[in-house]
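Colleague: Below is the file run37.cif, which contains mmCIF, C-alpha atoms and all ligand atoms.
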data_upload
loop_
_atom_site.label_atom_id
_atom_site.label_comp_id
_atom_site.auth_asym_id
_atom_site.auth_seq_id
_atom_site.Cartn_x
_atom_site.Cartn_y
_atom_site.Cartn_z
CA MET A 14 -23.44 31.18 31.98
CA GLN A 15 -25.72 28.51 30.70
CA SER A 16 -25.17 27.05 27.25
CA LYS A 17 -28.18 26.09 25.24
CA ILE A 18 -27.91 22.64 23.73
CA THR A 19 -30.80 21.69 21.57
CA ARG A 20 -32.06 18.21 21.00
CA ARG A 21 -31.24 18.66 17.31
CA ALA A 22 -27.60 19.47 18.11
CA VAL A 23 -27.31 16.34 20.27
CA VAL A 24 -28.78 14.16 17.52
CA LYS A 25 -26.51 15.73 14.88
CA SER A 26 -23.35 15.18 16.93
CA GLY A 27 -24.41 11.60 17.62
CA LEU A 28 -24.89 10.94 13.92
CA LEU A 29 -21.54 12.53 13.12
CA ALA A 30 -19.77 10.43 15.73
CA SER A 31 -21.43 7.27 14.49
CA ALA A 32 -20.13 8.05 10.98
CA ILE A 33 -16.59 9.01 12.01
CA VAL A 34 -15.79 6.23 14.48
CA PRO A 35 -16.22 3.35 11.98
CA ALA A 36 -14.25 5.32 9.38
CA LEU A 37 -11.34 5.66 11.78
CA GLY A 38 -11.55 1.94 12.45
CA LEU A 39 -11.27 1.26 8.73
CA ILE A 40 -8.15 3.39 8.47
CA GLY A 41 -6.50 1.47 11.29
CA ASN A 42 -7.49 -1.88 9.81
CA THR A 43 -6.19 -0.91 6.38
CA ALA A 44 -2.74 -0.17 7.77
CA SER A 45 -2.50 -3.38 9.74
CA ALA A 46 -4.13 -5.44 6.97
CA ALA A 47 -1.49 -4.37 4.44
CA ALA A 48 1.21 -6.04 6.50
CA ASP A 49 -0.91 -9.18 6.81
CA LEU A 50 -1.62 -9.57 3.10
CA PRO A 51 -0.39 -12.78 1.47
CA ALA A 52 2.84 -12.45 -0.47
CA LEU A 53 2.59 -11.91 -4.21
CA ASP A 54 3.78 -15.03 -6.03
CA PRO A 55 6.33 -14.05 -8.71
CA LYS A 56 4.82 -16.87 -10.82
CA ASP A 57 1.36 -15.29 -10.69
CA SER A 58 0.39 -14.38 -14.27
CA ALA A 59 -0.01 -10.67 -13.46
CA ALA A 60 3.37 -10.67 -11.68
CA VAL A 61 5.04 -12.42 -14.62
CA ALA A 62 3.51 -9.94 -17.07
CA LEU A 63 5.10 -7.05 -15.16
CA GLY A 64 8.41 -8.81 -14.59
CA PHE A 65 7.93 -8.78 -10.81
CA ILE A 66 10.84 -10.12 -8.77
CA ASN A 67 11.24 -10.38 -4.99
CA ASP A 68 14.78 -8.98 -5.02
CA SER A 69 15.59 -5.93 -7.12
CA ALA A 70 19.29 -6.85 -6.94
CA LYS A 71 18.56 -9.94 -9.05
CA VAL A 72 16.83 -8.20 -11.97
CA ASP A 73 18.01 -9.40 -15.38
CA ALA A 74 19.91 -6.31 -16.56
CA ALA A 75 19.93 -7.43 -20.19
CA ALA A 76 16.14 -7.79 -20.27
CA ASN A 77 15.58 -4.59 -18.22
CA PRO A 78 18.19 -2.04 -19.38
CA THR A 79 16.52 0.89 -17.59
CA HIS A 80 16.64 -0.84 -14.19
CA THR A 81 19.03 0.62 -11.63
CA ALA A 82 20.07 -0.83 -8.27
CA ASP A 83 18.24 1.85 -6.29
CA GLN A 84 14.84 0.96 -7.77
CA LYS A 85 12.86 -0.99 -5.17
CA CYS A 86 9.23 -1.39 -4.19
CA ALA A 87 9.99 0.61 -1.01
CA ASN A 88 10.61 3.76 -3.06
CA CYS A 89 8.01 3.13 -5.78
CA GLU A 90 4.97 5.37 -5.97
CA GLN A 91 2.67 2.31 -6.10
CA TYR A 92 3.97 0.94 -2.78
CA GLN A 93 1.45 1.26 0.05
CA GLY A 94 3.75 0.43 2.94
CA LYS A 95 6.10 2.80 4.71
CA PRO A 96 9.66 2.87 3.34
CA SER A 97 10.80 1.16 6.57
CA ASP A 98 8.26 -1.72 6.27
CA ALA A 99 9.62 -5.11 5.19
CA ARG A 100 6.51 -5.66 3.06
CA GLY A 101 3.58 -3.61 1.90
CA GLY A 102 0.66 -3.56 -0.45
CA CYS A 103 0.99 -2.48 -4.07
CA VAL A 104 -1.72 -0.66 -6.01
CA LEU A 105 -1.11 -2.94 -9.00
CA PHE A 106 -1.53 -6.17 -7.04
CA PRO A 107 -4.58 -5.68 -4.82
CA GLY A 108 -4.92 -8.15 -1.97
CA LYS A 109 -1.22 -9.08 -2.06
CA SER A 110 1.92 -7.73 -0.46
CA VAL A 111 5.27 -7.16 -2.10
CA PRO A 112 8.67 -7.03 -0.39
CA ALA A 113 10.30 -3.64 0.13
CA ALA A 114 13.29 -4.98 -1.85
CA GLY A 115 11.12 -6.14 -4.76
CA TRP A 116 10.77 -4.61 -8.21
CA CYS A 117 8.69 -4.76 -11.37
CA LYS A 118 8.77 -3.12 -14.81
CA VAL A 119 6.38 -0.32 -13.85
CA TRP A 120 8.51 0.92 -10.97
CA ARG A 121 8.28 4.67 -10.74
CA LYS A 122 10.02 6.84 -8.17
CA LYS A 123 7.81 7.97 -5.32
CA ALA A 124 7.54 11.77 -5.39
S1 LIG A 201 4.53 -1.28 -8.98
FE1 LIG A 201 6.18 -0.61 -7.63
S2 LIG A 201 5.58 -1.40 -5.60
FE2 LIG A 201 4.38 -2.50 -7.11
S3 LIG A 201 5.55 -4.37 -7.52
FE3 LIG A 201 6.12 -2.85 -9.08
S4 LIG A 201 7.95 -1.84 -8.24
FE4 LIG A 201 6.95 -2.91 -6.53
#
Just give me the structure of the file as structure tokens.
Modeller:
Amino acid sequence: MQSKITRRAVVKSGLLASAIVPALGLIGNTASAAADLPALDPKDSAAVALGFINDSAKVDAAANPTHTADQKCANCEQYQGKPSDARGGCVLFPGKSVPAAGWCKVWRKKA
């Protein structure tokens, strides 16, 4: 049996491959880049505004009465790292990483 491959099909598959391969590269780079992002400075104005702290265990309970000990960046829906990562990106602080043990006032449980 002889399959019929047209020139058009070859060109189409080449174009598709040239579109997909760079996209896959971007996905890989995004994952590794998140771990390499500079740490968010808790003194950064945006971090201060959201009450960001590197260690959720040290949150001022009086100032944050809804905070509970289990609330951490690692289980926040804005966290871009894996729960097992030491650090990860945060949607609210683009270009920076936050520690898995961190916390801020907009913490919301990851679904
Ligand atoms: S939004 Fe979530 S992941 Fe980002 S700093 Fe606040 S608690 Fe951490």
Colleague: Give me, as a PyMOL selection string, all polymer residues having an atom no more than 9 Å from Leu50 in chain A, counting all atoms listed in the file and skipping those fewer than 5 positions away in the same chain.
Modeller: chain A and resi 101-102+108-111
Colleague: With all atoms listed in the file counted, collect every polymer residue having an atom within 8 Å of ligand LIG 201 (chain A); state the result as an MDAnalysis selection string.
Modeller: chainID A and resid 60 63 65:66 84:93 102:106 111:113 115:121
Colleague: Kindly indicate which residue among A:Asp49, A:Ala82, A:Lys123, A:Ala70 lies nearest to Arg100 in chain A, using all atoms listed in the file for the distances.
Modeller: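 Comparing A:Asp49, A:Ala82, A:Lys123, A:Ala70 against Arg100 in chain A, the winner is A:Asp49.
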Colleague: So how many Å separate CA of Ser97 in chain A and CA of Leu53 in chain A, to one decimal?
Modeller: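 These atoms are spaced 18.8 Å apart.
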Colleague: Given the choices A:Pro107, A:Lys122, A:Asp68, A:Thr79, which gets closest to Pro51 in chain A if the distance is worked out from all atoms listed in the file?
Modeller: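 With all atoms listed in the file as the atom set, the closest residue is A:Pro107.
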Colleague: Please indicate the distance in Å from CA of Ser58 in chain A to CA of Ala124 in chain A, rounded to one decimal place.
Modeller: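 Straight-line distance from CA of Ser58 in chain A to CA of Ala124 in chain A works out to 28.5 Å.
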Colleague: Using Å and a single decimal, report how far CA of Gly94 in chain A sits from CA of Lys56 in chain A.
Modeller: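 That distance, rounded to one decimal, is 22.1 Å.
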